[in-house]
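A.B. asks: Below is data_35.cif; it holds mmCIF, C-alpha atoms (C1' of nucleotides).
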```cif
data_entry
loop_
_atom_site.group_PDB
_atom_site.id
_atom_site.type_symbol
_atom_site.label_atom_id
_atom_site.label_comp_id
_atom_site.auth_asym_id
_atom_site.auth_seq_id
_atom_site.Cartn_x
_atom_site.Cartn_y
_atom_site.Cartn_z
ATOM 1 C CA MET A 272 184.801 -118.624 -120.404
ATOM 2 C CA SER A 273 185.797 -115.004 -120.026
ATOM 3 C CA ARG A 274 182.469 -113.354 -119.401
ATOM 4 C CA THR A 275 183.981 -109.916 -119.076
ATOM 5 C CA PRO A 276 186.298 -109.382 -122.019
ATOM 6 C CA LEU A 277 189.833 -109.118 -120.646
ATOM 7 C CA HIS A 278 191.874 -106.127 -121.574
ATOM 8 C CA PRO A 279 195.600 -105.979 -120.842
ATOM 9 C CA THR A 280 196.826 -103.209 -118.563
ATOM 10 C CA ARG A 281 198.729 -100.374 -120.194
ATOM 11 C CA GLU A 282 202.062 -101.890 -119.222
ATOM 12 C CA GLN A 283 201.076 -105.288 -120.571
ATOM 13 C CA ILE A 284 200.569 -103.949 -124.072
ATOM 14 C CA GLU A 285 203.253 -105.432 -126.325
ATOM 15 C CA LEU A 286 204.625 -103.902 -129.491
ATOM 16 C CA PRO A 287 204.768 -107.066 -131.603
ATOM 17 C CA MET A 288 201.176 -107.976 -130.752
ATOM 18 C CA VAL A 289 199.984 -104.482 -131.607
ATOM 19 C CA LEU A 290 201.795 -104.504 -134.925
ATOM 20 C CA ASP A 291 200.496 -107.952 -135.718
ATOM 21 C CA CYS A 292 196.981 -106.833 -134.928
ATOM 22 C CA LEU A 293 197.304 -103.823 -137.184
ATOM 23 C CA SER A 294 198.720 -105.909 -140.023
ATOM 24 C CA ASP A 295 195.400 -107.554 -140.803
ATOM 25 C CA PRO A 296 193.426 -105.517 -143.356
ATOM 26 C CA ILE A 297 190.102 -105.988 -141.577
ATOM 27 C CA ARG A 298 191.508 -105.044 -138.193
ATOM 28 C CA LEU A 299 193.322 -102.094 -139.698
ATOM 29 C CA ALA A 300 190.019 -100.943 -141.184
ATOM 30 C CA ILE A 301 188.333 -101.314 -137.801
ATOM 31 C CA VAL A 302 191.019 -99.267 -136.096
ATOM 32 C CA TYR A 303 190.905 -96.676 -138.832
ATOM 33 C CA GLN A 304 187.147 -96.364 -138.484
ATOM 34 C CA LEU A 305 187.442 -96.051 -134.713
ATOM 35 C CA ALA A 306 190.083 -93.378 -135.179
ATOM 36 C CA GLN A 307 187.775 -91.361 -137.410
ATOM 37 C CA GLN A 308 185.083 -91.701 -134.783
ATOM 38 C CA GLU A 309 187.374 -90.310 -132.092
ATOM 39 C CA ARG A 310 186.553 -86.826 -133.304
ATOM 40 C CA VAL A 311 182.875 -87.389 -132.615
ATOM 41 C CA SER A 312 181.333 -89.784 -130.143
ATOM 42 C CA SER A 313 184.459 -91.933 -130.034
ATOM 43 C CA GLU A 314 182.430 -95.104 -129.795
ATOM 44 C CA LEU A 315 181.087 -97.554 -132.325
ATOM 45 C CA CYS A 316 179.318 -100.875 -131.935
ATOM 46 C CA CYS A 317 179.761 -104.114 -133.861
ATOM 47 C CA GLY A 318 176.990 -103.396 -136.302
ATOM 48 C CA ASP A 319 178.870 -100.395 -137.581
ATOM 49 C CA PHE A 320 181.421 -102.718 -139.134
ATOM 50 C CA TYR A 321 179.205 -105.108 -141.070
ATOM 51 C CA ALA A 322 180.566 -103.635 -144.277
ATOM 52 C CA LEU A 323 183.909 -105.237 -143.459
ATOM 53 C CA SER A 324 182.894 -108.826 -142.798
ATOM 54 C CA GLY A 325 180.323 -111.112 -141.199
ATOM 55 C CA LYS A 326 179.304 -110.976 -137.549
ATOM 56 C CA SER A 327 181.246 -113.950 -136.288
ATOM 57 C CA ASN A 328 184.383 -113.021 -138.142
ATOM 58 C CA LEU A 329 184.152 -109.521 -136.731
ATOM 59 C CA ALA A 330 183.772 -110.908 -133.227
ATOM 60 C CA TYR A 331 186.983 -112.834 -133.816
ATOM 61 C CA HIS A 332 188.831 -109.691 -134.861
ATOM 62 C CA PHE A 333 187.350 -107.657 -132.011
ATOM 63 C CA ALA A 334 188.676 -110.196 -129.566
ATOM 64 C CA LYS A 335 192.153 -109.884 -131.071
ATOM 65 C CA LEU A 336 192.021 -106.116 -130.908
ATOM 66 C CA ARG A 337 190.977 -106.270 -127.283
ATOM 67 C CA GLU A 338 193.567 -108.842 -126.301
ATOM 68 C CA CYS A 339 196.432 -106.821 -127.737
ATOM 69 C CA GLY A 340 195.252 -103.632 -126.058
ATOM 70 C CA LEU A 341 194.223 -101.672 -129.116
ATOM 71 C CA MET A 342 190.619 -101.218 -128.128
ATOM 72 C CA GLN A 343 188.226 -101.381 -125.251
ATOM 73 C CA THR A 344 184.701 -102.725 -125.061
ATOM 74 C CA ARG A 345 181.895 -101.353 -122.952
ATOM 75 C CA VAL A 346 178.738 -103.415 -122.631
ATOM 76 C CA ALA A 347 175.445 -101.544 -122.730
ATOM 77 C CA GLY A 348 172.268 -103.537 -123.138
ATOM 78 C CA THR A 349 172.630 -105.764 -126.148
ATOM 79 C CA ASN A 350 175.267 -103.487 -127.599
ATOM 80 C CA ARG A 351 179.026 -103.517 -127.194
ATOM 81 C CA PHE A 352 180.550 -100.120 -127.630
ATOM 82 C CA MET A 353 184.153 -100.008 -128.703
ATOM 83 C CA ARG A 354 186.757 -97.340 -128.646
ATOM 84 C CA LEU A 355 190.464 -97.026 -129.215
ATOM 85 C CA ARG A 356 192.706 -97.108 -126.159
ATOM 86 C CA ARG A 357 194.277 -93.925 -127.425
ATOM 87 C CA GLU A 358 195.794 -92.718 -124.151
ATOM 88 C CA ASP A 359 197.387 -96.042 -123.307
ATOM 89 C CA LEU A 360 198.760 -96.520 -126.797
ATOM 90 C CA ASP A 361 200.154 -93.013 -127.019
ATOM 91 C CA ALA A 362 201.786 -93.490 -123.647
ATOM 92 C CA ARG A 363 203.359 -96.818 -124.567
ATOM 93 C CA PHE A 364 204.243 -96.123 -128.196
ATOM 94 C CA PRO A 365 204.311 -92.371 -128.839
ATOM 95 C CA GLY A 366 203.442 -91.456 -132.384
ATOM 96 C CA LEU A 367 202.878 -95.007 -133.525
ATOM 97 C CA LEU A 368 199.103 -95.047 -133.745
ATOM 98 C CA ASP A 369 199.015 -91.689 -135.480
ATOM 99 C CA ALA A 370 201.641 -92.759 -137.992
ATOM 100 C CA VAL A 371 199.724 -95.928 -138.774
ATOM 101 C CA ILE A 372 196.401 -94.152 -139.140
ATOM 102 C CA LYS A 373 197.870 -91.389 -141.256
ATOM 103 C CA SER A 374 199.591 -93.953 -143.462
ATOM 104 C CA ALA A 375 196.358 -95.880 -143.768
ATOM 105 C CA ALA A 376 194.485 -92.712 -144.682
ATOM 106 C CA ARG A 377 196.940 -91.999 -147.473
ATOM 107 C CA ASP A 378 196.390 -95.510 -148.830
ATOM 108 C CA ALA A 379 192.659 -95.473 -148.115
ATOM 109 C CA GLU A 380 191.721 -96.531 -151.602
ATOM 110 C CA ARG A 381 194.247 -99.327 -151.816
ATOM 111 C CA LEU A 382 193.208 -100.568 -148.384
ATOM 112 C CA GLN A 383 189.532 -100.243 -149.256
ATOM 113 C CA LEU A 384 188.829 -98.043 -146.284
ATOM 114 C CA LEU A 385 185.627 -96.063 -146.046
ATOM 115 C CA PRO A 386 186.128 -92.398 -146.911
ATOM 116 C CA ALA A 387 186.267 -90.415 -143.690
ATOM 117 C CA CYS A 388 182.968 -88.644 -144.316
ATOM 118 C CA ASP A 389 180.978 -91.867 -144.560
ATOM 119 C CA VAL A 390 182.119 -93.100 -141.210
ATOM 120 C CA VAL A 391 179.846 -91.258 -138.810
ATOM 121 C CA GLU A 392 176.212 -91.092 -139.852
ATOM 122 C CA ALA A 393 175.062 -92.547 -136.540
ATOM 123 C CA GLY A 394 171.292 -92.684 -135.875
ATOM 124 C CA MET B 220 214.235 -119.067 -158.826
ATOM 125 C CA SER B 221 214.787 -115.398 -158.200
ATOM 126 C CA ARG B 222 218.521 -115.084 -158.612
ATOM 127 C CA THR B 223 218.509 -111.388 -157.893
ATOM 128 C CA PRO B 224 216.443 -110.838 -154.792
ATOM 129 C CA LEU B 225 213.345 -108.892 -155.833
ATOM 130 C CA HIS B 226 212.593 -105.701 -154.025
ATOM 131 C CA PRO B 227 209.254 -103.940 -154.476
ATOM 132 C CA THR B 228 209.313 -100.420 -155.850
ATOM 133 C CA ARG B 229 208.551 -97.626 -153.422
ATOM 134 C CA GLU B 230 204.967 -97.426 -154.565
ATOM 135 C CA GLN B 231 204.496 -101.163 -154.240
ATOM 136 C CA ILE B 232 205.292 -101.129 -150.545
ATOM 137 C CA GLU B 233 202.125 -102.012 -148.628
ATOM 138 C CA LEU B 234 201.283 -100.987 -145.097
ATOM 139 C CA PRO B 235 199.819 -104.307 -143.908
ATOM 140 C CA MET B 236 202.819 -106.259 -145.172
ATOM 141 C CA VAL B 237 205.216 -103.849 -143.480
ATOM 142 C CA LEU B 238 203.360 -104.063 -140.179
ATOM 143 C CA ASP B 239 203.186 -107.834 -140.427
ATOM 144 C CA CYS B 240 206.910 -107.975 -141.074
ATOM 145 C CA LEU B 241 207.636 -105.796 -138.071
ATOM 146 C CA SER B 242 205.383 -107.862 -135.828
ATOM 147 C CA ASP B 243 207.765 -110.793 -135.705
ATOM 148 C CA PRO B 244 210.240 -110.447 -132.824
ATOM 149 C CA ILE B 245 213.207 -111.659 -134.849
ATOM 150 C CA ARG B 246 212.452 -109.382 -137.772
ATOM 151 C CA LEU B 247 211.849 -106.478 -135.419
ATOM 152 C CA ALA B 248 215.239 -107.140 -133.883
ATOM 153 C CA ILE B 249 216.848 -107.203 -137.323
ATOM 154 C CA VAL B 250 215.238 -103.905 -138.265
ATOM 155 C CA TYR B 251 216.207 -102.404 -134.937
ATOM 156 C CA GLN B 252 219.794 -103.462 -135.403
ATOM 157 C CA LEU B 253 219.853 -102.063 -138.934
ATOM 158 C CA ALA B 254 218.408 -98.818 -137.613
ATOM 159 C CA GLN B 255 221.186 -98.523 -135.073
ATOM 160 C CA GLN B 256 223.679 -99.150 -137.829
ATOM 161 C CA GLU B 257 222.241 -96.330 -139.918
ATOM 162 C CA ARG B 258 224.287 -93.892 -137.858
ATOM 163 C CA VAL B 259 227.488 -95.619 -138.883
ATOM 164 C CA SER B 260 228.117 -97.669 -141.994
ATOM 165 C CA SER B 261 224.415 -98.339 -142.474
ATOM 166 C CA GLU B 262 225.076 -101.847 -143.685
ATOM 167 C CA LEU B 263 225.259 -105.206 -141.999
ATOM 168 C CA CYS B 264 225.620 -108.705 -143.344
ATOM 169 C CA CYS B 265 223.871 -111.914 -142.332
ATOM 170 C CA GLY B 266 226.574 -113.014 -139.967
ATOM 171 C CA ASP B 267 225.941 -109.984 -137.826
ATOM 172 C CA PHE B 268 222.601 -111.470 -136.799
ATOM 173 C CA TYR B 269 223.605 -114.953 -135.716
ATOM 174 C CA ALA B 270 222.757 -114.007 -132.156
ATOM 175 C CA LEU B 271 219.106 -113.917 -133.190
ATOM 176 C CA SER B 272 218.687 -117.291 -134.866
ATOM 177 C CA GLY B 273 220.249 -119.852 -137.183
ATOM 178 C CA LYS B 274 221.431 -119.144 -140.701
ATOM 179 C CA SER B 275 218.548 -120.659 -142.609
ATOM 180 C CA ASN B 276 215.945 -119.149 -140.363
ATOM 181 C CA LEU B 277 217.576 -115.756 -140.780
ATOM 182 C CA ALA B 278 217.576 -116.172 -144.558
ATOM 183 C CA TYR B 279 213.844 -116.792 -144.331
ATOM 184 C CA HIS B 280 213.297 -113.600 -142.361
ATOM 185 C CA PHE B 281 215.604 -111.608 -144.633
ATOM 186 C CA ALA B 282 213.512 -112.678 -147.598
ATOM 187 C CA LYS B 283 210.365 -111.465 -145.864
ATOM 188 C CA LEU B 284 211.961 -108.152 -145.022
ATOM 189 C CA ARG B 285 213.056 -107.714 -148.609
ATOM 190 C CA GLU B 286 209.730 -108.715 -150.109
ATOM 191 C CA CYS B 287 207.797 -106.236 -148.001
ATOM 192 C CA GLY B 288 210.200 -103.429 -148.843
ATOM 193 C CA LEU B 289 211.738 -102.898 -145.437
ATOM 194 C CA MET B 290 215.281 -103.628 -146.457
ATOM 195 C CA GLN B 291 217.574 -103.920 -149.414
ATOM 196 C CA THR B 292 220.328 -106.410 -150.151
ATOM 197 C CA ARG B 293 223.538 -105.705 -151.974
ATOM 198 C CA VAL B 294 225.689 -108.630 -153.033
ATOM 199 C CA ALA B 295 229.450 -108.259 -152.616
ATOM 200 C CA GLY B 296 231.559 -111.339 -152.962
ATOM 201 C CA THR B 297 230.202 -114.005 -150.669
ATOM 202 C CA ASN B 298 228.575 -111.404 -148.486
ATOM 203 C CA ARG B 299 225.124 -109.869 -148.642
ATOM 204 C CA PHE B 300 225.013 -106.408 -147.219
ATOM 205 C CA MET B 301 221.662 -105.205 -145.959
ATOM 206 C CA ARG B 302 220.313 -101.823 -145.157
ATOM 207 C CA LEU B 303 216.992 -100.262 -144.301
ATOM 208 C CA ARG B 304 215.042 -98.659 -147.130
ATOM 209 C CA ARG B 305 214.758 -95.583 -144.969
ATOM 210 C CA GLU B 306 213.986 -93.066 -147.707
ATOM 211 C CA ASP B 307 211.295 -95.156 -149.328
ATOM 212 C CA LEU B 308 209.666 -95.996 -146.035
ATOM 213 C CA ASP B 309 209.710 -92.414 -144.791
ATOM 214 C CA ALA B 310 208.197 -91.303 -148.072
ATOM 215 C CA ARG B 311 205.432 -93.873 -148.009
ATOM 216 C CA PHE B 312 204.683 -93.909 -144.273
ATOM 217 C CA PRO B 313 206.024 -90.748 -142.650
ATOM 218 C CA GLY B 314 206.977 -91.218 -139.027
ATOM 219 C CA LEU B 315 206.089 -94.886 -138.932
ATOM 220 C CA LEU B 316 209.532 -96.427 -138.940
ATOM 221 C CA ASP B 317 210.806 -93.965 -136.370
ATOM 222 C CA ALA B 318 207.844 -94.583 -134.100
ATOM 223 C CA VAL B 319 208.346 -98.332 -134.304
ATOM 224 C CA ILE B 320 212.075 -98.131 -133.657
ATOM 225 C CA LYS B 321 211.662 -95.700 -130.801
ATOM 226 C CA SER B 322 208.976 -97.896 -129.267
ATOM 227 C CA ALA B 323 211.196 -100.931 -129.681
ATOM 228 C CA ALA B 324 214.088 -99.100 -128.052
ATOM 229 C CA ARG B 325 211.942 -98.266 -125.034
ATOM 230 C CA ASP B 326 211.043 -101.948 -124.703
ATOM 231 C CA ALA B 327 214.520 -103.161 -125.579
ATOM 232 C CA GLU B 328 214.800 -105.392 -122.572
ATOM 233 C CA ARG B 329 211.388 -106.950 -122.977
ATOM 234 C CA LEU B 330 212.050 -107.517 -126.663
ATOM 235 C CA GLN B 331 215.519 -108.876 -125.945
ATOM 236 C CA LEU B 332 217.173 -106.399 -128.257
ATOM 237 C CA LEU B 333 220.890 -105.826 -128.141
ATOM 238 C CA PRO B 334 221.824 -102.641 -126.302
ATOM 239 C CA ALA B 335 222.620 -99.955 -128.847
ATOM 240 C CA CYS B 336 226.314 -99.851 -127.960
ATOM 241 C CA ASP B 337 226.883 -103.531 -128.687
ATOM 242 C CA VAL B 338 225.498 -103.292 -132.164
ATOM 243 C CA VAL B 339 228.440 -101.946 -134.121
ATOM 244 C CA GLU B 340 231.786 -103.490 -133.251
ATOM 245 C CA ALA B 341 232.466 -104.478 -136.853
ATOM 246 C CA GLY B 342 235.908 -105.936 -137.602
ATOM 247 C "C1'" DC C 83 242.464 -127.708 -157.880
ATOM 248 C "C1'" DC C 84 240.537 -128.243 -153.095
ATOM 249 C "C1'" DT C 85 238.851 -126.204 -148.913
ATOM 250 C "C1'" DT C 86 236.538 -122.916 -146.300
ATOM 251 C "C1'" DA C 87 233.183 -119.267 -145.447
ATOM 252 C "C1'" DT C 88 228.662 -117.017 -146.629
ATOM 253 C "C1'" DG C 89 224.159 -117.391 -147.620
ATOM 254 C "C1'" DT C 90 220.219 -119.356 -150.051
ATOM 255 C "C1'" DT C 91 216.892 -123.044 -151.198
ATOM 256 C "C1'" DC C 92 214.231 -127.043 -150.255
ATOM 257 C "C1'" DA C 93 211.326 -130.407 -147.823
ATOM 258 C "C1'" DA C 94 209.255 -131.511 -143.633
ATOM 259 C "C1'" DC C 95 207.004 -130.517 -139.435
ATOM 260 C "C1'" DG C 96 203.805 -128.689 -136.208
ATOM 261 C "C1'" DT C 97 201.469 -124.363 -134.995
ATOM 262 C "C1'" DT C 98 198.785 -120.522 -135.670
ATOM 263 C "C1'" DT C 99 195.655 -117.988 -138.565
ATOM 264 C "C1'" DA C 100 191.368 -116.212 -140.925
ATOM 265 C "C1'" DT C 101 186.970 -117.515 -142.406
ATOM 266 C "C1'" DT C 102 182.449 -119.867 -142.398
ATOM 267 C "C1'" DG C 103 177.935 -121.314 -140.575
ATOM 268 C "C1'" DA C 104 175.378 -123.098 -136.883
ATOM 269 C "C1'" DA C 105 174.295 -122.896 -132.117
ATOM 270 C "C1'" DC C 106 174.006 -120.217 -128.244
ATOM 271 C "C1'" DT C 107 173.243 -116.191 -124.737
ATOM 272 C "C1'" DA C 108 171.285 -112.120 -123.342
ATOM 273 C "C1'" DT C 109 168.661 -107.929 -123.763
ATOM 274 C "C1'" DC C 110 164.977 -105.146 -125.539
ATOM 275 C "C1'" DG C 111 160.161 -104.192 -127.099
ATOM 276 C "C1'" DA C 112 155.462 -105.566 -128.052
ATOM 277 C "C1'" DT D 15 155.666 -114.495 -122.811
ATOM 278 C "C1'" DC D 16 157.106 -114.324 -127.433
ATOM 279 C "C1'" DG D 17 159.907 -112.742 -131.055
ATOM 280 C "C1'" DA D 18 163.447 -109.922 -132.790
ATOM 281 C "C1'" DT D 19 168.024 -107.968 -132.233
ATOM 282 C "C1'" DA D 20 173.073 -107.868 -131.007
ATOM 283 C "C1'" DG D 21 177.005 -110.387 -130.265
ATOM 284 C "C1'" DT D 22 179.664 -114.320 -128.732
ATOM 285 C "C1'" DT D 23 181.209 -119.132 -128.886
ATOM 286 C "C1'" DC D 24 182.194 -123.398 -131.082
ATOM 287 C "C1'" DA D 25 183.742 -126.728 -134.614
ATOM 288 C "C1'" DA D 26 185.639 -127.334 -139.002
ATOM 289 C "C1'" DT D 27 188.400 -126.033 -142.823
ATOM 290 C "C1'" DA D 28 192.169 -124.405 -145.695
ATOM 291 C "C1'" DA D 29 195.996 -121.461 -145.922
ATOM 292 C "C1'" DA D 30 199.997 -119.255 -144.102
ATOM 293 C "C1'" DC D 31 203.626 -119.126 -140.750
ATOM 294 C "C1'" DG D 32 208.146 -120.053 -138.207
ATOM 295 C "C1'" DT D 33 211.605 -123.373 -137.389
ATOM 296 C "C1'" DT D 34 214.838 -127.088 -138.447
ATOM 297 C "C1'" DG D 35 218.543 -129.546 -140.894
ATOM 298 C "C1'" DA D 36 220.392 -131.077 -145.114
ATOM 299 C "C1'" DA D 37 221.648 -129.898 -149.648
ATOM 300 C "C1'" DC D 38 223.099 -126.485 -152.676
ATOM 301 C "C1'" DA D 39 225.472 -122.374 -154.885
ATOM 302 C "C1'" DT D 40 229.062 -119.081 -155.098
ATOM 303 C "C1'" DA D 41 233.194 -116.628 -154.163
ATOM 304 C "C1'" DA D 42 237.750 -116.188 -151.760
ATOM 305 C "C1'" DG D 43 242.191 -118.062 -150.353
ATOM 306 C "C1'" DG D 44 245.576 -121.387 -150.246
#
```
Mind converting the file's structure to structure tokens?
C.D. replies:
Amino acid sequence: MSRTPLHPTREQIELPMVLDCLSDPIRLAIVYQLAQQERVSSELCCGDFYALSGKSNLAYHFAKLRECGLMQTRVAGTNRFMRLRREDLDARFPGLLDAVIKSAARDAERLQLLPACDVVEAG
Amino acid sequence: MSRTPLHPTREQIELPMVLDCLSDPIRLAIVYQLAQQERVSSELCCGDFYALSGKSNLAYHFAKLRECGLMQTRVAGTNRFMRLRREDLDARFPGLLDAVIKSAARDAERLQLLPACDVVEAG
DNA sequence: CCTTATGTTCAACGTTTATTGAACTATCGA
DNA sequence: TCGATAGTTCAATAAACGTTGAACATAAGG
């Protein structure tokens, strides 16, 4: 029972796992939303994603995103704050994350992503 | 029974399907090998990939790569010549294919990819 | 014609996957 | 202490996936 969620080290991040993670529409939407948030506070918690799916299903996808090295979780009280592992990903796979996010943004409607402006609105 | 292998139009190419296709190690190796070949004749046939897996398994992966729009097949005699749909992919997802291939190249050993020099050697 | 070479298709299999709801844990606030 | 809130974990399900070998189709070469 991994109490502390395990994140791979930078060097342990694997390309196929990252691509597989990004290939799921829900996970891609999560990553996209986190990428939008980078400009601001850079962190979001689980509740910010309820529009995408139910709690337990989100927890499943969060775990995948953590395990493959795409995001990081910080525990604070009853909240888990997530953020992209931008530096590690850019170091391992230069240009990849940006290309994916830009491509996703272009297809935002088709992928049913939230428009960028709706993403923040934190309380 | 699709006699002519169906390729999606440029606009039909979907980001999640492309990422999913690239997330399989064998398919990534195929794409990588095709990318190397771009500099030369730009086409390879099935037999050029026997190092990766058996015939029928390769045919399965080729079908996936075609269906998601990553590659194109041209029939010539008993051969099927394949090539990357570079233009379509670059138009739809600028920088993505290059980022993936460059990332794969950096991890060539880990991903068990053929060294670039061994790729050509056509007869 | 018959044989060989190239690939595809099919059926079977075991594995992994995404999704659901219920149960659980842990923290915060009254 | 009690209840509400935030997330995780677990069990169950159906669907999709990758791999295999055998059968099939098609074209080239004798």
A.B. asks: Compute the set of chain D residues within 8 Å of chain B, using only C-alpha atoms (C1' of nucleotides), and express it as a ChimeraX atom specification.
C.D. replies: /D:33,40-42
A.B. asks: Taking the file above as input, evaluate the PyMOL selection byres ((chain C) within 8 of (chain A)) and report the hits as a PyMOL selection string.
C.D. replies: chain C and resi 101+108-110
A.B. asks: Within 9 Å of (181.4, -101.1, -125.9), in the coordinates the file gives, what residues turn up when you count all atoms listed in the file, written out as an MDAnalysis selection string?
C.D. replies: chainID A and resid 314:317 343:347 350:354
A.B. asks: Provide as a short mmCIF file (atom, residue, chain, number, x, y, z; two decimals) with C-alpha atoms, in the frame of the given file the residues of chain A at most 7 Å from chain B, counting all atoms listed in the file.
C.D. replies:
```cif
data_model
loop_
_atom_site.label_atom_id
_atom_site.label_comp_id
_atom_site.auth_asym_id
_atom_site.auth_seq_id
_atom_site.Cartn_x
_atom_site.Cartn_y
_atom_site.Cartn_z
CA PRO A 287 204.77 -107.07 -131.60
CA MET A 288 201.18 -107.98 -130.75
CA LEU A 290 201.80 -104.50 -134.93
CA ASP A 291 200.50 -107.95 -135.72
CA LEU A 293 197.30 -103.82 -137.18
CA SER A 294 198.72 -105.91 -140.02
CA ASP A 295 195.40 -107.55 -140.80
CA PRO A 296 193.43 -105.52 -143.36
CA PHE A 364 204.24 -96.12 -128.20
CA PRO A 365 204.31 -92.37 -128.84
CA GLY A 366 203.44 -91.46 -132.38
CA LEU A 367 202.88 -95.01 -133.52
CA ALA A 370 201.64 -92.76 -137.99
CA VAL A 371 199.72 -95.93 -138.77
CA SER A 374 199.59 -93.95 -143.46
#
```
A.B. asks: With a distance cut-off of 7 Å and only C-alpha atoms (C1' of nucleotides), select the neighbouring residues of Leu332 (chain B), excluding the residue or stretch itself and same-chain residues fewer than 3 positions from it, and output the selection as a ChimeraX atom specification.
C.D. replies: /B:248,327-328
A.B. asks: Can you turn the PyMOL selection byres ((chain A and resi 322) around 12) into a concrete residue list for this file, as a PyMOL selection string?
C.D. replies: chain A and resi 297+300-301+304+317-321+323-326+328-329+383-385+389-390
A.B. asks: Which value, in Å to one decimal, gives the distance between C1' of DG32 (chain D) and CA of Thr280 (chain A)?
C.D. replies: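 Rounded to one decimal, the two atoms are 28.2 Å apart.
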A.B. asks: The PyMOL selection byres ((chain C and resi 99) around 8) on the file shown: which residues, as a list in words?
C.D. replies: DT98 and DA100 of chain C; DA30 of chain D
A.B. asks: What does the distance from CA of Tyr303 (chain A) to CA of Cys339 (chain A) come to in Å, to one decimal?
C.D. replies: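 Between CA of Tyr303 (chain A) and CA of Cys339 (chain A) the gap is 16.0 Å.
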A.B. asks: In Å, rounded to a single decimal, give me how far CA of Arg229 (chain B) is from CA of Arg305 (chain B).
C.D. replies: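 Value for the CA of Arg305 (chain B)-CA of Arg229 (chain B) distance: 10.7 Å.
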A.B. asks: Complete the atom set of region 360-372 of chain A to N, CA, C and O atoms and return it as a CSV table (one decimal), in the frame of the given file.
C.D. replies:
```csv
chain,number,residue,atom,x,y,z
A,360,LEU,N,197.9,-96.3,-125.7
A,360,LEU,CA,198.8,-96.5,-126.8
A,360,LEU,C,199.7,-95.4,-127.0
A,360,LEU,O,200.9,-95.6,-127.3
A,361,ASP,N,199.3,-94.2,-126.9
A,361,ASP,CA,200.2,-93.0,-127.0
A,361,ASP,C,201.2,-93.0,-125.9
A,361,ASP,O,202.3,-92.6,-126.1
A,362,ALA,N,200.8,-93.5,-124.7
A,362,ALA,CA,201.8,-93.5,-123.6
A,362,ALA,C,202.9,-94.6,-123.9
A,362,ALA,O,204.0,-94.3,-123.7
A,363,ARG,N,202.4,-95.7,-124.3
A,363,ARG,CA,203.4,-96.8,-124.6
A,363,ARG,C,204.2,-96.6,-125.8
A,363,ARG,O,205.4,-96.9,-125.8
A,364,PHE,N,203.6,-96.2,-126.9
A,364,PHE,CA,204.2,-96.1,-128.2
A,364,PHE,C,204.0,-94.8,-128.9
A,364,PHE,O,203.2,-94.7,-129.8
A,365,PRO,N,204.6,-93.7,-128.4
A,365,PRO,CA,204.3,-92.4,-128.8
A,365,PRO,C,204.4,-92.2,-130.4
A,365,PRO,O,205.5,-92.6,-130.9
A,366,GLY,N,203.4,-91.7,-131.0
A,366,GLY,CA,203.4,-91.5,-132.4
A,366,GLY,C,203.1,-92.6,-133.3
A,366,GLY,O,202.9,-92.5,-134.5
A,367,LEU,N,203.1,-93.8,-132.7
A,367,LEU,CA,202.9,-95.0,-133.5
A,367,LEU,C,201.5,-95.1,-134.1
A,367,LEU,O,201.3,-95.2,-135.3
A,368,LEU,N,200.5,-94.9,-133.3
A,368,LEU,CA,199.1,-95.0,-133.7
A,368,LEU,C,198.8,-94.0,-134.8
A,368,LEU,O,198.2,-94.3,-135.8
A,369,ASP,N,199.2,-92.8,-134.5
A,369,ASP,CA,199.0,-91.7,-135.5
A,369,ASP,C,199.7,-92.0,-136.8
A,369,ASP,O,199.1,-91.7,-137.9
A,370,ALA,N,200.9,-92.5,-136.8
A,370,ALA,CA,201.6,-92.8,-138.0
A,370,ALA,C,200.9,-93.8,-138.8
A,370,ALA,O,200.8,-93.8,-140.0
A,371,VAL,N,200.4,-94.8,-138.1
A,371,VAL,CA,199.7,-95.9,-138.8
A,371,VAL,C,198.4,-95.4,-139.4
A,371,VAL,O,198.1,-95.7,-140.6
A,372,ILE,N,197.7,-94.6,-138.6
A,372,ILE,CA,196.4,-94.2,-139.1
A,372,ILE,C,196.6,-93.2,-140.3
A,372,ILE,O,195.9,-93.2,-141.3
```
